[in-house]
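Trainee: Sharing a structure, written as structure tokens. Questions coming.
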Amino acid sequence: MEETLAHPLEKYLRTEKLPHMWCPGCGIGTVVQAFLRAVDELKIEQDKVVAVSGIGCTGRIPQYIKFDGAHVLHGRAIPVALGIKLARPDLKVVVFGGDGDLASIGGNHLMHAARRNADLIVIMVNNFIYGLTGGQVAPTTPKEATTYTSPYGPDSKPLDAVKLVSAAGGTFVARWSTAYPVLLKESIKRAFSHRGFSFIEVISQCPELFGRINNFKSTYEIYQKIKKVGTIRRGISPYDAKYDWNSEISLGEFVNFEAPSYYDQLREIIEKAKGVKE
Ligand SMILES: Cc1ncc(C[n+]2csc(CCOP(=O)(O)OP(=O)(O)O)c2C)c(N)n1
Ligand code: SF4
């Protein structure tokens with residue numbers, strides 16, 4: 001009888017949900033693999049991880065990976081994730097979202113989670129576009145790029161999420177790309193041991209919607225562009241990191257320091273309140 005070999009990461013997949021909905025060549029699979037490898041190498045128990053997402057192609061990730069999870073309203077993954085974390089501080093709560101989900105409709109939650117140093121890992125897949133809904137302009141779309149709703153280019157300059165999260169108070173802030181899966185995996189591992197808010201942006205290819213309309217004729221072509229534009233910068237400030245489609249999108253870990261997390265701050269308030277006489 002022919003024997004079939006299981007993929008080493010198969011135990012982390014909801015195989016009954018396959019085939020997945022992502023297009024051939026989409027970068028989201030690389031992010032999933034880097035994440036699962038990080039969990040596997042750290043030997044984190046499967047029932048100690050919770051995956052939360054909003055809506056979008058990226059938002060489908062928790063449906064395919066075998067952890068407890070929640071697939072919630074577009075833009076609202078962070079508050080749901082924070083609620084889970086506060087109720088069960090022993091769990092590692094991870095948010096997956098697209099640039100639309102997290103930096104547009106959910107941008108307010110992103111900013112305040114960073115400000116609070118909320119005990120979450122947020123992985124934002126930035127494909128420069130709204131993928132699931134057919135390729136609309138996003139806050140991250142480069143000025144030089146075209147989308148189906150901005151055929152003459154976006155009306156304003158793009159948002160650099162690394163700067164936003166850093167300025168708001170994020171204590172672990174990184175940006176990688178699908179061209180550096182091993183560095184991404186190692187960064188995810190460091191985020192797992194960080195107490196407080198960890199934000200990792202991943203520059204990723206959407207060959208179908210962002211690629212085609214911007215004249216990238218194949219996944220290979222857009223992947224090569226992402227590889228070329230992503231420049232690793234070690235030890236630079238997030239405010240010196242570049243987000244420029246024509247010259248450089250800086251990659252690296254820009255912020256990593258310890259500060260009381262949101263959970264720590266709430267505990268302190270509860271302790272103070274206990275000491276106050278009624
Ligand atoms: C409240 C609400 N507004 C709008 C939508 C439509 N919608 C679904 S996904 C999405 C954006 C998807 O883009 P992104 O978050 O960047 O993820 P991607 O699909 O590119 O991974 C939008 C606008 C929705 N589902 N709910
Ligand atoms: S539309 Fe783009 S982001 Fe969505 S699955 Fe296809 S390639 Fe990936």
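Residue numbering restarts at 1 in every chain; chains get A, B, ... in the order shown in the structure tokens, and ligands count up from 1 in that same order.
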Do you know which residues are at most 12 Å from Pro260 (chain A) counting only C-alpha atoms, after dropping those on the same chain fewer than 6 positions away, and could you put them as a list of chain:residue names?

Mentor: A:Arg115, A:Arg116, A:Asn117, A:Ala118, A:Asp119, A:Gly169, A:Gly170, A:Thr171, A:His194, A:Arg195, A:Gly196, A:Phe197, A:Leu266, A:Arg267, A:Glu268

Trainee: Please extract the residues at most 12 Å from ligand 2, counting only C-alpha atoms and all ligand atoms, and provide them as a PyMOL selection string, using the chain letters and residue numbers of this document.

Mentor: chain A and resi 20-31+55-61+97-100+125-136+203-213+218-219+222-223

Trainee: Let's have the selection written as a CSV table (one decimal), in the first residue's frame, with N, CA and C atoms.

Mentor:
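Output (part_29.csv):
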chain,number,residue,atom,x,y,z
A,20,HIS,N,-7.8,26.2,0.2
A,20,HIS,CA,-8.0,27.5,0.7
A,20,HIS,C,-8.5,28.4,-0.4
A,21,MET,N,-8.9,29.6,-0.1
A,21,MET,CA,-9.5,30.5,-1.1
A,21,MET,C,-8.4,31.5,-1.7
A,22,TRP,N,-7.2,31.4,-1.3
A,22,TRP,CA,-6.2,32.4,-1.8
A,22,TRP,C,-5.8,32.1,-3.2
A,23,CYS,N,-5.5,33.1,-4.0
A,23,CYS,CA,-5.1,32.9,-5.4
A,23,CYS,C,-3.7,32.3,-5.5
A,24,PRO,N,-3.4,31.6,-6.6
A,24,PRO,CA,-2.0,31.1,-6.7
A,24,PRO,C,-1.0,32.3,-6.7
A,25,GLY,N,0.0,32.1,-5.9
A,25,GLY,CA,1.1,33.2,-5.9
A,25,GLY,C,0.8,34.2,-4.8
A,26,CYS,N,-0.3,34.2,-4.1
A,26,CYS,CA,-0.6,35.2,-3.1
A,26,CYS,C,0.4,35.0,-2.0
A,27,GLY,N,0.8,36.2,-1.4
A,27,GLY,CA,1.8,36.1,-0.3
A,27,GLY,C,1.3,35.7,1.0
A,28,ILE,N,0.0,35.6,1.2
A,28,ILE,CA,-0.5,35.3,2.5
A,28,ILE,C,-0.1,33.9,3.0
A,29,GLY,N,0.1,32.9,2.1
A,29,GLY,CA,0.5,31.6,2.5
A,29,GLY,C,1.9,31.7,3.2
A,30,THR,N,2.8,32.5,2.7
A,30,THR,CA,4.1,32.6,3.2
A,30,THR,C,4.0,33.1,4.7
A,31,VAL,N,3.1,34.0,4.9
A,31,VAL,CA,2.9,34.6,6.3
A,31,VAL,C,2.4,33.5,7.2
A,55,ILE,N,-12.3,41.0,8.5
A,55,ILE,CA,-12.6,40.5,7.2
A,55,ILE,C,-11.6,40.9,6.1
A,56,GLY,N,-11.4,40.0,5.1
A,56,GLY,CA,-10.4,40.3,4.1
A,56,GLY,C,-9.8,38.9,3.7
A,57,CYS,N,-9.0,39.0,2.6
A,57,CYS,CA,-8.3,37.7,2.3
A,57,CYS,C,-7.4,37.3,3.4
A,58,THR,N,-6.7,38.3,4.0
A,58,THR,CA,-5.8,38.0,5.2
A,58,THR,C,-6.7,37.5,6.4
A,59,GLY,N,-7.9,38.1,6.5
A,59,GLY,CA,-8.8,37.8,7.6
A,59,GLY,C,-9.2,36.3,7.6
A,60,ARG,N,-9.0,35.6,6.5
A,60,ARG,CA,-9.4,34.2,6.4
A,60,ARG,C,-8.4,33.3,7.2
A,61,ILE,N,-7.2,33.8,7.5
A,61,ILE,CA,-6.2,33.0,8.1
A,61,ILE,C,-6.7,32.1,9.3
A,97,GLY,N,-4.5,40.6,10.0
A,97,GLY,CA,-5.4,41.5,9.3
A,97,GLY,C,-4.7,42.1,8.1
A,98,GLY,N,-5.5,42.5,7.1
A,98,GLY,CA,-4.9,43.2,6.0
A,98,GLY,C,-4.7,44.7,6.3
A,99,ASP,N,-4.1,45.4,5.4
A,99,ASP,CA,-3.9,46.8,5.6
A,99,ASP,C,-5.2,47.6,5.7
A,100,GLY,N,-6.2,47.1,4.9
A,100,GLY,CA,-7.5,47.8,5.0
A,100,GLY,C,-8.1,47.5,6.4
A,125,VAL,N,-0.8,42.1,7.1
A,125,VAL,CA,-0.3,41.8,5.7
A,125,VAL,C,-0.7,43.0,4.8
A,126,ASN,N,0.4,43.6,4.4
A,126,ASN,CA,0.2,44.8,3.6
A,126,ASN,C,0.4,44.5,2.1
A,127,ASN,N,-0.7,44.3,1.4
A,127,ASN,CA,-0.6,44.1,-0.1
A,127,ASN,C,-0.9,45.3,-0.9
A,128,PHE,N,-1.0,46.5,-0.2
A,128,PHE,CA,-1.2,47.8,-0.8
A,128,PHE,C,-2.6,48.0,-1.4
A,129,ILE,N,-3.6,47.2,-1.0
A,129,ILE,CA,-4.8,47.2,-1.7
A,129,ILE,C,-5.9,46.5,-0.8
A,130,TYR,N,-7.2,46.7,-1.1
A,130,TYR,CA,-8.2,45.9,-0.6
A,130,TYR,C,-8.4,44.7,-1.5
A,131,GLY,N,-7.9,43.5,-1.0
A,131,GLY,CA,-8.0,42.4,-1.9
A,131,GLY,C,-9.3,41.7,-2.0
A,132,LEU,N,-9.9,41.3,-0.9
A,132,LEU,CA,-11.1,40.5,-0.9
A,132,LEU,C,-12.3,41.2,-1.7
A,133,THR,N,-12.3,42.5,-1.7
A,133,THR,CA,-13.5,43.2,-2.3
A,133,THR,C,-13.2,43.6,-3.7
A,134,GLY,N,-12.0,43.3,-4.3
A,134,GLY,CA,-11.8,43.5,-5.7
A,134,GLY,C,-10.8,44.5,-6.1
A,135,GLY,N,-9.9,45.0,-5.2
A,135,GLY,CA,-8.8,45.8,-5.6
A,135,GLY,C,-9.0,47.3,-5.5
A,136,GLN,N,-9.7,47.7,-4.4
A,136,GLN,CA,-9.9,49.2,-4.2
A,136,GLN,C,-8.6,49.8,-3.5
A,203,ILE,N,5.1,43.1,4.1
A,203,ILE,CA,4.8,43.6,2.7
A,203,ILE,C,4.7,42.3,1.9
A,204,SER,N,3.5,42.2,1.2
A,204,SER,CA,3.2,41.0,0.5
A,204,SER,C,2.6,41.2,-0.9
A,205,GLN,N,2.7,40.2,-1.7
A,205,GLN,CA,2.2,40.4,-3.1
A,205,GLN,C,0.8,39.9,-3.2
A,206,CYS,N,0.0,40.7,-3.9
A,206,CYS,CA,-1.3,40.4,-4.4
A,206,CYS,C,-1.2,40.4,-5.9
A,207,PRO,N,-0.8,39.2,-6.5
A,207,PRO,CA,-0.5,39.3,-7.9
A,207,PRO,C,-1.8,39.5,-8.7
A,208,GLU,N,-3.0,39.1,-8.2
A,208,GLU,CA,-4.2,39.2,-9.0
A,208,GLU,C,-4.7,40.6,-9.2
A,209,LEU,N,-4.8,41.3,-8.0
A,209,LEU,CA,-5.4,42.6,-8.1
A,209,LEU,C,-4.5,43.8,-8.1
A,210,PHE,N,-3.5,43.8,-7.2
A,210,PHE,CA,-2.5,44.9,-7.3
A,210,PHE,C,-1.5,44.6,-8.4
A,211,GLY,N,-1.1,43.4,-8.6
A,211,GLY,CA,-0.1,43.1,-9.6
A,211,GLY,C,-0.6,43.4,-11.0
A,212,ARG,N,-1.7,42.8,-11.4
A,212,ARG,CA,-2.2,42.9,-12.8
A,212,ARG,C,-2.3,44.4,-13.2
A,213,ILE,N,-3.0,45.1,-12.4
A,213,ILE,CA,-3.4,46.5,-12.8
A,213,ILE,C,-2.1,47.4,-12.8
A,218,SER,N,3.4,38.6,-13.8
A,218,SER,CA,3.3,37.3,-13.2
A,218,SER,C,3.6,37.6,-11.7
A,219,THR,N,3.4,36.5,-10.9
A,219,THR,CA,3.7,36.5,-9.5
A,219,THR,C,5.2,36.8,-9.3
A,222,ILE,N,6.1,40.6,-9.6
A,222,ILE,CA,5.7,41.5,-8.4
A,222,ILE,C,6.6,41.0,-7.2
A,223,TYR,N,6.8,39.7,-7.1
A,223,TYR,CA,7.7,39.3,-6.0
A,223,TYR,C,9.1,39.9,-6.1

Trainee: Excluding region 226-242 of chain A and its own-chain neighbours fewer than 5 positions away, which residues fall within 10 Å of it when counting only C-alpha atoms? Please give them as a compact mmCIF listing (two decimals) with N, CA, C and O atoms, in the first residue's frame.

Mentor:
# COMPACT_ATOMS: atom_id res chain seq x y z
N ASP A 160 2.37 55.16 6.61
CA ASP A 160 3.42 54.24 7.00
C ASP A 160 3.05 53.70 8.38
O ASP A 160 3.18 54.39 9.41
N ALA A 161 2.56 52.46 8.42
CA ALA A 161 2.04 51.89 9.67
C ALA A 161 3.13 51.76 10.73
O ALA A 161 2.84 51.85 11.93
N VAL A 162 4.37 51.57 10.30
CA VAL A 162 5.47 51.46 11.27
C VAL A 162 5.61 52.76 12.07
O VAL A 162 5.76 52.75 13.29
N LYS A 163 5.51 53.87 11.37
CA LYS A 163 5.63 55.16 12.07
C LYS A 163 4.41 55.40 12.96
O LYS A 163 4.53 55.89 14.09
N LEU A 164 3.24 55.08 12.44
CA LEU A 164 2.01 55.30 13.20
C LEU A 164 2.05 54.52 14.52
O LEU A 164 1.83 55.08 15.60
N VAL A 165 2.35 53.23 14.44
CA VAL A 165 2.32 52.38 15.63
C VAL A 165 3.45 52.79 16.60
O VAL A 165 3.25 52.80 17.82
N SER A 166 4.59 53.15 16.05
CA SER A 166 5.70 53.57 16.91
C SER A 166 5.33 54.85 17.65
O SER A 166 5.54 54.97 18.87
N ALA A 167 4.78 55.82 16.92
CA ALA A 167 4.44 57.10 17.53
C ALA A 167 3.33 56.93 18.58
O ALA A 167 3.31 57.63 19.60
N VAL A 173 7.97 46.88 17.20
CA VAL A 173 7.45 47.27 15.89
C VAL A 173 8.44 46.81 14.81
O VAL A 173 9.62 47.19 14.84
N ALA A 174 7.94 46.02 13.89
CA ALA A 174 8.81 45.47 12.84
C ALA A 174 8.11 45.50 11.50
O ALA A 174 6.88 45.56 11.42
N ARG A 175 8.92 45.47 10.44
CA ARG A 175 8.35 45.29 9.09
C ARG A 175 9.25 44.33 8.31
O ARG A 175 10.47 44.51 8.29
N TRP A 176 8.64 43.32 7.73
CA TRP A 176 9.36 42.38 6.89
C TRP A 176 8.62 42.25 5.56
O TRP A 176 7.66 42.98 5.33
N SER A 177 9.06 41.34 4.74
CA SER A 177 8.32 41.11 3.50
C SER A 177 8.31 39.62 3.22
O SER A 177 9.07 38.85 3.85
N THR A 178 7.47 39.21 2.25
CA THR A 178 7.39 37.79 1.91
C THR A 178 8.70 37.30 1.30
O THR A 178 8.90 36.10 1.15
N ALA A 179 9.58 38.22 0.94
CA ALA A 179 10.88 37.82 0.38
C ALA A 179 11.84 37.37 1.48
O ALA A 179 12.92 36.84 1.17
N TYR A 180 11.50 37.58 2.75
CA TYR A 180 12.38 37.20 3.86
C TYR A 180 11.61 36.35 4.88
O TYR A 180 11.44 36.77 6.04
N ILE A 203 5.10 43.13 4.09
CA ILE A 203 4.84 43.56 2.71
C ILE A 203 4.67 42.28 1.88
O ILE A 203 5.51 41.39 1.91
N SER A 204 3.53 42.22 1.17
CA SER A 204 3.15 40.95 0.54
C SER A 204 2.59 41.19 -0.86
O SER A 204 1.98 42.24 -1.13
N GLN A 205 2.72 40.18 -1.71
CA GLN A 205 2.22 40.35 -3.08
C GLN A 205 0.77 39.90 -3.23
O GLN A 205 0.39 38.85 -2.73
N TYR A 220 5.99 36.17 -10.21
CA TYR A 220 7.45 36.33 -10.16
C TYR A 220 7.82 37.81 -10.26
O TYR A 220 8.65 38.31 -9.50
N GLU A 221 7.18 38.51 -11.20
CA GLU A 221 7.55 39.93 -11.41
C GLU A 221 7.24 40.79 -10.18
O GLU A 221 8.06 41.61 -9.77
N SER A 247 11.72 53.83 -4.30
CA SER A 247 13.13 53.70 -3.90
C SER A 247 13.34 52.63 -2.84
O SER A 247 14.08 51.66 -3.05
N GLU A 248 12.66 52.74 -1.70
CA GLU A 248 12.95 51.80 -0.60
C GLU A 248 11.78 51.69 0.36
O GLU A 248 11.19 52.70 0.77
N ILE A 249 11.45 50.46 0.71
CA ILE A 249 10.59 50.20 1.87
C ILE A 249 11.51 49.55 2.89
O ILE A 249 12.01 48.44 2.66
N SER A 250 11.79 50.25 3.97
CA SER A 250 12.76 49.74 4.94
C SER A 250 12.15 48.59 5.73
O SER A 250 10.99 48.64 6.15
N LEU A 251 12.98 47.57 5.94
CA LEU A 251 12.57 46.39 6.70
C LEU A 251 13.46 46.24 7.92
O LEU A 251 14.62 46.67 7.92
N GLY A 252 12.92 45.63 8.96
CA GLY A 252 13.72 45.38 10.16
C GLY A 252 12.87 45.50 11.40
O GLY A 252 11.64 45.69 11.32
N GLU A 253 13.53 45.35 12.55
CA GLU A 253 12.84 45.59 13.83
C GLU A 253 13.25 46.99 14.28
O GLU A 253 14.42 47.25 14.54
N PHE A 254 12.31 47.89 14.34
CA PHE A 254 12.61 49.30 14.58
C PHE A 254 12.44 49.67 16.05
O PHE A 254 13.03 50.64 16.52
N VAL A 255 11.58 48.97 16.75
CA VAL A 255 11.31 49.27 18.16
C VAL A 255 11.26 47.95 18.91
O VAL A 255 10.63 46.99 18.45

Trainee: Among the residues of region 1-85 of chain A, find those DSSP assigns to strand (DSSP E or B) from the backbone and print them as a list in words.

Mentor: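 Secondary structure check on region 1-85 of chain A, strand (DSSP E or B): Leu13, Val49, Val50, Ala51, Val52, Ser53, Ile65, Asp68, Gly69, Ala70 and His71 of chain A.
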
Trainee: Using only C-alpha atoms and all ligand atoms, which residue out of A:Tyr12, A:Val39, A:Gln63, A:His74 lies closest to ligand 1?

Mentor: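 Looking only at the distances to ligand 1, the closest residue turns out to be A:His74.
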
Trainee: So which one's closest to ligand 1, A:Ala191, A:Ala114, A:Leu102, A:Val32? Using only C-alpha atoms and all ligand atoms, please.

Mentor: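 Ranked by minimum distance to ligand 1, first place goes to A:Leu102.
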
Trainee: Have a look at A:Ala103, A:Leu159, A:Val182, A:Ala168 and name the one nearest to ligand 1; count only C-alpha atoms and all ligand atoms.

Mentor: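 Checking each of A:Ala103, A:Leu159, A:Val182, A:Ala168 against ligand 1, counting only C-alpha atoms and all ligand atoms, the winner is A:Ala103.
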